[in-house]
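Heads up, protein-v3.cif below (mmCIF, C-alpha atoms):
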data_entry
loop_
_atom_site.label_atom_id
_atom_site.label_comp_id
_atom_site.auth_asym_id
_atom_site.auth_seq_id
_atom_site.Cartn_x
_atom_site.Cartn_y
_atom_site.Cartn_z
CA MET R 28 -29.09 29.06 -33.36
CA SER R 29 -31.91 26.99 -34.85
CA SER R 30 -34.47 25.44 -32.53
CA ASN R 31 -33.42 21.84 -33.17
CA VAL R 32 -29.88 22.30 -31.97
CA ILE R 33 -29.42 20.54 -28.65
CA ALA R 34 -27.82 22.75 -26.03
CA SER R 35 -24.54 21.52 -24.59
CA PRO R 36 -25.17 19.62 -21.35
CA ARG R 37 -24.11 22.22 -18.82
CA SER R 38 -25.31 25.37 -20.56
CA ASN R 39 -27.94 27.33 -18.67
CA SER R 40 -30.89 26.98 -20.99
CA ALA R 41 -34.43 26.16 -19.98
CA GLN R 42 -34.02 22.56 -21.20
CA SER R 43 -30.84 22.16 -19.26
CA PRO R 44 -31.01 23.89 -15.89
CA GLN R 45 -27.85 25.12 -14.28
CA TYR R 46 -25.59 22.30 -13.20
CA LYS R 47 -25.07 22.51 -9.45
CA ARG R 48 -22.45 20.74 -7.46
CA ASN R 49 -23.34 19.75 -3.94
CA LYS R 50 -21.12 21.90 -1.74
CA SER R 51 -21.81 20.20 1.57
CA ALA R 52 -18.93 19.23 3.85
CA HIS R 53 -19.59 15.57 3.09
CA SER R 54 -18.84 15.86 -0.61
CA SER R 55 -15.75 17.92 0.10
CA PHE R 56 -14.43 15.11 2.32
CA GLU R 57 -15.06 12.56 -0.43
CA MET R 58 -13.26 14.78 -2.94
CA THR R 59 -10.28 15.11 -0.58
CA ALA R 60 -10.27 11.34 -0.02
CA TRP R 61 -10.37 10.70 -3.77
CA LEU R 62 -7.44 13.05 -4.35
CA PHE R 63 -5.52 11.61 -1.37
CA MET R 64 -5.74 8.09 -2.87
CA ARG R 65 -4.05 9.31 -6.05
CA VAL R 66 -1.37 11.47 -4.43
CA SER R 67 -0.50 8.93 -1.71
CA GLY R 68 -0.60 6.16 -4.32
CA VAL R 69 2.20 7.73 -6.36
CA VAL R 70 4.35 8.30 -3.24
CA LEU R 71 3.67 4.74 -2.01
CA VAL R 72 4.84 3.22 -5.30
CA VAL R 73 8.25 4.81 -4.70
CA LEU R 74 8.40 4.05 -0.95
CA ILE R 75 7.20 0.43 -1.18
CA PHE R 76 9.24 -0.49 -4.27
CA GLY R 77 12.30 0.93 -2.48
CA HIS R 78 11.41 -0.98 0.71
CA LEU R 79 11.00 -4.27 -1.18
CA PHE R 80 14.17 -3.77 -3.20
CA VAL R 81 16.37 -3.03 -0.19
CA ASN R 82 14.87 -5.75 2.04
CA LEU R 83 14.30 -8.59 -0.45
CA MET R 84 16.68 -8.04 -3.39
CA LEU R 85 19.93 -6.66 -1.96
CA GLY R 86 22.43 -8.74 0.00
CA ASP R 87 21.02 -12.07 1.12
CA GLY R 88 17.41 -10.95 0.61
CA ILE R 89 14.95 -12.19 3.18
CA HIS R 90 17.58 -14.48 4.74
CA ALA R 91 19.48 -11.40 5.94
CA ILE R 92 16.52 -10.01 7.90
CA ASP R 93 16.88 -10.30 11.67
CA PHE R 94 16.96 -7.92 14.63
CA GLY R 95 20.38 -6.59 13.61
CA PHE R 96 19.12 -5.78 10.10
CA VAL R 97 16.22 -3.69 11.44
CA ALA R 98 18.48 -2.07 14.06
CA GLY R 99 20.99 -1.16 11.36
CA LYS R 100 18.34 0.50 9.23
CA TRP R 101 16.65 2.40 12.08
CA SER R 102 19.94 3.74 13.39
CA SER R 103 19.61 6.12 10.44
CA PRO R 104 16.98 8.90 10.49
CA PHE R 105 16.66 8.41 6.72
CA TRP R 106 15.11 4.94 7.12
CA GLN R 107 13.17 5.97 10.24
CA TRP R 108 11.43 8.71 8.25
CA TRP R 109 11.10 6.54 5.15
CA ASP R 110 9.30 3.86 7.20
CA LEU R 111 7.23 6.42 9.15
CA VAL R 112 5.90 8.11 5.99
CA MET R 113 5.32 4.69 4.42
CA LEU R 114 3.42 3.51 7.52
CA TRP R 115 1.13 6.55 7.68
CA LEU R 116 0.43 6.81 3.96
CA ALA R 117 -0.10 3.05 3.52
CA MET R 118 -2.41 2.84 6.53
CA LEU R 119 -4.48 5.86 5.51
CA HIS R 120 -4.59 4.69 1.87
CA GLY R 121 -5.57 1.16 2.89
CA THR R 122 -8.09 2.29 5.49
CA ASN R 123 -9.78 4.59 3.00
CA GLY R 124 -9.81 1.82 0.39
CA VAL R 125 -11.45 -0.65 2.77
CA ARG R 126 -13.89 2.10 3.86
CA THR R 127 -14.96 2.43 0.22
CA ILE R 128 -15.42 -1.33 -0.08
CA ILE R 129 -17.51 -1.45 3.14
CA ASN R 130 -19.70 1.39 1.84
CA ASP R 131 -20.19 -0.51 -1.42
CA TYR R 132 -21.08 -3.94 -0.08
CA ALA R 133 -22.47 -3.59 3.47
CA GLU R 134 -26.06 -2.61 2.82
CA ARG R 135 -27.46 -2.36 6.34
CA ASN R 136 -26.67 0.87 8.22
CA GLY R 137 -25.76 -1.03 11.38
CA THR R 138 -23.41 -3.40 9.55
CA ARG R 139 -21.64 -0.49 7.85
CA MET R 140 -21.27 1.37 11.14
CA THR R 141 -19.90 -1.69 12.95
CA LEU R 142 -17.42 -2.63 10.22
CA LYS R 143 -16.14 0.94 9.91
CA THR R 144 -15.77 1.29 13.68
CA VAL R 145 -13.63 -1.86 13.78
CA LEU R 146 -11.65 -0.63 10.76
CA TYR R 147 -10.92 2.80 12.26
CA ALA R 148 -10.01 1.32 15.65
CA ALA R 149 -7.57 -1.12 14.00
CA ALA R 150 -6.07 1.69 11.90
CA VAL R 151 -5.49 3.94 14.93
CA VAL R 152 -3.90 1.10 16.93
CA ILE R 153 -1.55 0.11 14.08
CA ILE R 154 -0.52 3.69 13.22
CA VAL R 155 0.16 4.62 16.87
CA LEU R 156 1.97 1.33 17.57
CA GLY R 157 4.13 1.56 14.43
CA THR R 158 5.02 5.21 15.09
CA LEU R 159 6.03 4.46 18.69
CA VAL R 160 8.10 1.44 17.63
CA ILE R 161 10.05 3.41 15.01
CA PHE R 162 10.94 6.23 17.42
CA THR R 163 11.35 4.44 20.75
CA PHE R 164 13.38 1.60 19.26
CA ASP R 165 16.63 0.71 21.05
CA PRO R 166 19.11 -1.03 18.71
CA CYS R 167 21.22 -2.29 21.62
CA PRO R 168 18.74 -3.37 24.33
CA ALA R 169 20.25 -4.19 27.72
CA GLY R 170 20.56 -7.92 28.36
CA ALA R 171 20.14 -8.91 24.72
CA VAL R 172 22.80 -11.21 23.30
CA ILE R 173 21.79 -12.47 19.84
CA ASP R 174 21.49 -10.79 16.44
CA LEU R 175 22.67 -7.38 17.66
CA PRO R 176 24.00 -4.92 15.08
CA SER R 177 27.79 -4.71 14.93
CA PHE R 178 27.91 -1.16 16.36
CA CYS R 179 26.52 -2.23 19.77
CA PRO R 180 29.11 -2.26 22.61
CA VAL R 181 30.29 -5.78 23.44
CA PRO R 182 28.68 -6.80 26.76
CA MET I 1 -14.14 -4.37 -15.09
CA TRP I 2 -11.67 -7.17 -14.27
CA SER I 3 -8.91 -4.67 -13.55
CA TRP I 4 -11.32 -3.03 -11.07
CA VAL I 5 -12.01 -6.38 -9.37
CA GLY I 6 -8.28 -7.15 -9.33
CA HIS I 7 -7.51 -3.74 -7.84
CA ARG I 8 -9.98 -4.28 -4.98
CA ILE I 9 -8.88 -7.83 -4.18
CA THR I 10 -5.15 -7.02 -4.25
CA GLY I 11 -5.86 -3.89 -2.16
CA VAL I 12 -7.59 -5.87 0.60
CA VAL I 13 -4.87 -8.56 0.58
CA ILE I 14 -2.12 -5.94 0.87
CA PHE I 15 -3.99 -4.12 3.68
CA VAL I 16 -4.42 -7.31 5.73
CA PHE I 17 -0.73 -8.13 5.31
CA LEU I 18 0.17 -4.56 6.30
CA LEU I 19 -1.65 -4.94 9.64
CA VAL I 20 0.18 -8.21 10.34
CA HIS I 21 3.51 -6.80 9.14
CA VAL I 22 3.39 -3.81 11.53
CA LEU I 23 2.57 -6.20 14.39
CA ASP I 24 5.44 -8.60 13.59
CA THR I 25 7.91 -5.73 13.15
CA SER I 26 6.76 -4.31 16.52
CA LEU I 27 8.36 -7.34 18.17
CA VAL I 28 11.71 -5.55 17.83
CA ARG I 29 10.48 -3.57 20.88
CA VAL I 30 9.97 -6.82 22.83
CA SER I 31 13.35 -8.49 22.33
CA PRO I 32 15.77 -9.49 19.54
CA GLU I 33 14.89 -13.15 20.25
CA ALA I 34 11.14 -12.57 19.80
CA TYR I 35 11.65 -10.69 16.53
CA THR I 36 14.13 -13.13 15.08
CA ALA I 37 11.92 -16.10 15.99
CA VAL I 38 8.85 -14.67 14.25
CA ILE I 39 10.74 -13.34 11.24
CA GLY I 40 12.21 -16.85 10.91
CA ALA I 41 8.71 -17.97 9.89
CA TYR I 42 8.95 -15.68 6.84
CA LYS I 43 12.01 -17.57 5.65
CA ASN I 44 10.51 -21.02 5.13
CA PRO I 45 9.72 -22.01 1.52
CA ILE I 46 5.92 -21.91 1.88
CA MET I 47 6.04 -18.37 3.28
CA GLY I 48 8.52 -17.59 0.50
CA LEU I 49 5.84 -18.46 -2.05
CA GLY I 50 3.36 -16.34 -0.08
CA GLU I 51 5.77 -13.39 -0.26
CA ALA I 52 6.08 -13.89 -4.01
CA ALA I 53 2.26 -13.76 -4.30
CA LEU I 54 2.15 -10.68 -2.07
CA VAL I 55 4.75 -8.86 -4.18
CA ALA I 56 2.82 -9.89 -7.32
CA ALA I 57 -0.30 -8.29 -5.78
CA ILE I 58 1.60 -5.13 -4.78
CA VAL I 59 3.18 -4.68 -8.23
CA PHE I 60 -0.20 -5.12 -9.97
CA HIS I 61 -1.91 -2.71 -7.55
CA ALA I 62 0.90 -0.17 -8.04
CA PHE I 63 0.92 -0.23 -11.84
CA ASN I 64 -2.86 -0.41 -12.19
CA GLY I 65 -3.11 2.47 -9.69
CA LEU I 66 -0.85 4.57 -11.92
CA ARG I 67 -3.13 3.61 -14.83
CA ILE I 68 -6.18 4.81 -12.86
CA ILE I 69 -4.41 8.14 -12.23
CA ALA I 70 -3.65 8.42 -15.96
CA ILE I 71 -7.30 7.71 -16.82
CA ASP I 72 -8.46 10.38 -14.32
CA PHE I 73 -5.97 13.15 -15.06
CA TRP I 74 -4.64 12.63 -18.60
CA LYS I 75 -6.95 14.03 -21.27
CA LYS I 76 -6.51 10.99 -23.52
CA GLY I 77 -6.50 8.56 -20.58
CA PRO I 78 -10.04 7.16 -21.00
CA LYS I 79 -9.40 6.63 -24.74
CA TYR I 80 -6.25 4.61 -24.12
CA GLN I 81 -7.37 2.78 -20.96
CA ARG I 82 -7.35 -0.61 -22.68
CA GLN I 83 -3.85 -0.16 -24.15
CA MET I 84 -2.71 1.03 -20.71
CA LEU I 85 -4.09 -2.17 -19.14
CA TRP I 86 -1.87 -4.20 -21.48
CA THR I 87 1.03 -1.92 -20.56
CA VAL I 88 0.30 -2.63 -16.87
CA LEU I 89 0.33 -6.39 -17.47
CA ILE I 90 3.55 -6.26 -19.51
CA ALA I 91 5.28 -4.01 -16.93
CA TRP I 92 4.07 -6.39 -14.21
CA ALA I 93 5.73 -9.34 -16.00
CA VAL I 94 8.92 -7.33 -16.64
CA VAL I 95 9.24 -6.58 -12.90
CA MET I 96 8.02 -9.96 -11.62
CA ILE I 97 10.29 -12.24 -13.69
CA PRO I 98 13.61 -10.90 -12.34
CA PHE I 99 12.07 -10.55 -8.86
CA LEU I 100 10.93 -14.17 -8.82
CA ILE I 101 14.27 -15.47 -10.08
CA ARG I 102 16.11 -13.56 -7.34
CA HIS I 103 13.65 -14.11 -4.47
CA LEU I 104 12.92 -17.78 -5.11
CA SER I 105 16.59 -18.61 -5.52
CA ILE I 106 17.17 -16.97 -2.10
CA VAL I 107 14.18 -18.79 -0.54
CA PHE I 108 14.99 -22.19 -2.02
CA GLY I 109 18.75 -21.71 -2.22
CA GLY I 110 19.31 -22.94 1.31
CA HIS I 111 21.43 -20.98 3.75
#
Let's see the structure in the file written out as structure tokens.
Amino acid sequence: MSSNVIASPRSNSAQSPQYKRNKSAHSSFEMTAWLFMRVSGVVLVVLIFGHLFVNLMLGDGIHAIDFGFVAGKWSSPFWQWWDLVMLWLAMLHGTNGVRTIINDYAERNGTRMTLKTVLYAAAVVIIVLGTLVIFTFDPCPAGAVIDLPSFCPVP
Amino acid sequence: MWSWVGHRITGVVIFVFLLVHVLDTSLVRVSPEAYTAVIGAYKNPIMGLGEAALVAAIVFHAFNGLRIIAIDFWKKGPKYQRQMLWTVLIAWAVVMIPFLIRHLSIVFGGH
């Protein structure tokens, strides 16, 4: 090797000291978050396109959506789990995306902290609320009279 | 650069709608009347246009997200990123045109 050959960037020569990755817990979280965005993104494309197709394109589209429509879907565990996975992945994906944006644009430490606290609080509330609604939902509530699904007993 | 800006803006718009959408759907736990009344707001023509814009944002974010994954994980991804952006825009139009014809005819069709 002649002296004027430039060493490849990550070789361990004197001119190019050993490349070291930061192995702190912080960077491992960021790596996991980065990977999560890509993996959840692919799954969300399928779940959300399916959700939009079934709710807006089939039948009467948005005109068909009422209490009975939701009750009909959530009487099946398939749609309960579909919507649950969609809720969790979309909320975590969106929360992490907005976290990145806050980190990029909010320059003061206090502003960043405040915005992220509000973001995380909102995310927890929405995820818990949505999960409870999907699994405690009663398709034939007592006393209700309008828009019930056809399988409810006639009062 | 512009695809990056577009990805961020559509991402925030979708996230804000998602928060509202979980809240409105949660009304099914209150009563059928409450849910049906609020969901009725989604059926007027102005909201119908808003839904069309929302779906346009979602479809762009979805396809551009797949492009980002291809740039990150496919060896030739960075080389073909510009061609893939055109592919994203063409795929967006291919999905949006039939969607808009169907959705807007439902929204403006009168029921």
* To do: Write out as a list in words each polymer residue whose atoms come within 8 Å of stretch 63-76 of chain R, counting all atoms listed in the file; drop sequence neighbours fewer than 5 positions from it.
  => Trp109, Met113, Leu116, Ala117, His120 and Asn123 of chain R; Ala62, Gly65, Leu66 and Ile69 of chain I
* Within 8 Å of chain R, which residues of chain I are there when counting only C-alpha atoms? Please give them as a ChimeraX atom specification. => /I:8,11-12,15,18-19,22-23,26,28-29,31-33,35-36,39,42-43,62,65-66,69,99,102-103,106-107,111
List the neighbours of R:Leu142 out to 12 Å using only C-alpha atoms; skip same-chain residues closer than 2 positions along the sequence, and give me the result as a short mmCIF file (atom, residue, chain, number, x, y, z; two decimals) with C-alpha atoms, keeping the file's coordinate frame.
data_model
loop_
_atom_site.label_atom_id
_atom_site.label_comp_id
_atom_site.auth_asym_id
_atom_site.auth_seq_id
_atom_site.Cartn_x
_atom_site.Cartn_y
_atom_site.Cartn_z
CA THR R 122 -8.09 2.29 5.49
CA VAL R 125 -11.45 -0.65 2.77
CA ARG R 126 -13.89 2.10 3.86
CA THR R 127 -14.96 2.43 0.22
CA ILE R 128 -15.42 -1.33 -0.08
CA ILE R 129 -17.51 -1.45 3.14
CA ASN R 130 -19.70 1.39 1.84
CA TYR R 132 -21.08 -3.94 -0.08
CA ALA R 133 -22.47 -3.59 3.47
CA GLU R 134 -26.06 -2.61 2.82
CA ARG R 135 -27.46 -2.36 6.34
CA ASN R 136 -26.67 0.87 8.22
CA GLY R 137 -25.76 -1.03 11.38
CA THR R 138 -23.41 -3.40 9.55
CA ARG R 139 -21.64 -0.49 7.85
CA MET R 140 -21.27 1.37 11.14
CA THR R 144 -15.77 1.29 13.68
CA VAL R 145 -13.63 -1.86 13.78
CA LEU R 146 -11.65 -0.63 10.76
CA TYR R 147 -10.92 2.80 12.26
CA ALA R 148 -10.01 1.32 15.65
CA ALA R 149 -7.57 -1.12 14.00
#
So that I can see what lies close to I:Leu54, please list as a PDB file with C-alpha atoms, keeping the file's coordinate frame the residues with an atom at most 9 Å from it, counting all atoms listed in the file and leaving out residues fewer than 3 positions away in the same chain.
ATOM      1  CA  THR I  10      -5.150  -7.020  -4.250  1.00  0.00           C
ATOM      2  CA  VAL I  13      -4.870  -8.560   0.580  1.00  0.00           C
ATOM      3  CA  ILE I  14      -2.120  -5.940   0.870  1.00  0.00           C
ATOM      4  CA  PHE I  17      -0.730  -8.130   5.310  1.00  0.00           C
ATOM      5  CA  LEU I  49       5.840 -18.460  -2.050  1.00  0.00           C
ATOM      6  CA  GLY I  50       3.360 -16.340  -0.080  1.00  0.00           C
ATOM      7  CA  GLU I  51       5.770 -13.390  -0.260  1.00  0.00           C
ATOM      8  CA  ALA I  57      -0.300  -8.290  -5.780  1.00  0.00           C
ATOM      9  CA  ILE I  58       1.600  -5.130  -4.780  1.00  0.00           C
ATOM     10  CA  VAL I  59       3.180  -4.680  -8.230  1.00  0.00           C
TER      11      VAL I  59
END
Distance cut-off 9 Å, centre (2.3, -9.8, -9.6) in file coordinates, counting all atoms listed in the file: which residues qualify? Return them as a compact mmCIF listing (two decimals) with C-alpha atoms, in the coordinates of the input.
# COMPACT_ATOMS: atom_id res chain seq x y z
CA ALA I 52 6.08 -13.89 -4.01
CA ALA I 53 2.26 -13.76 -4.30
CA LEU I 54 2.15 -10.68 -2.07
CA VAL I 55 4.75 -8.86 -4.18
CA ALA I 56 2.82 -9.89 -7.32
CA ALA I 57 -0.30 -8.29 -5.78
CA ILE I 58 1.60 -5.13 -4.78
CA VAL I 59 3.18 -4.68 -8.23
CA PHE I 60 -0.20 -5.12 -9.97
CA HIS I 61 -1.91 -2.71 -7.55
CA LEU I 89 0.33 -6.39 -17.47
CA TRP I 92 4.07 -6.39 -14.21
CA ALA I 93 5.73 -9.34 -16.00
CA VAL I 95 9.24 -6.58 -12.90
CA MET I 96 8.02 -9.96 -11.62
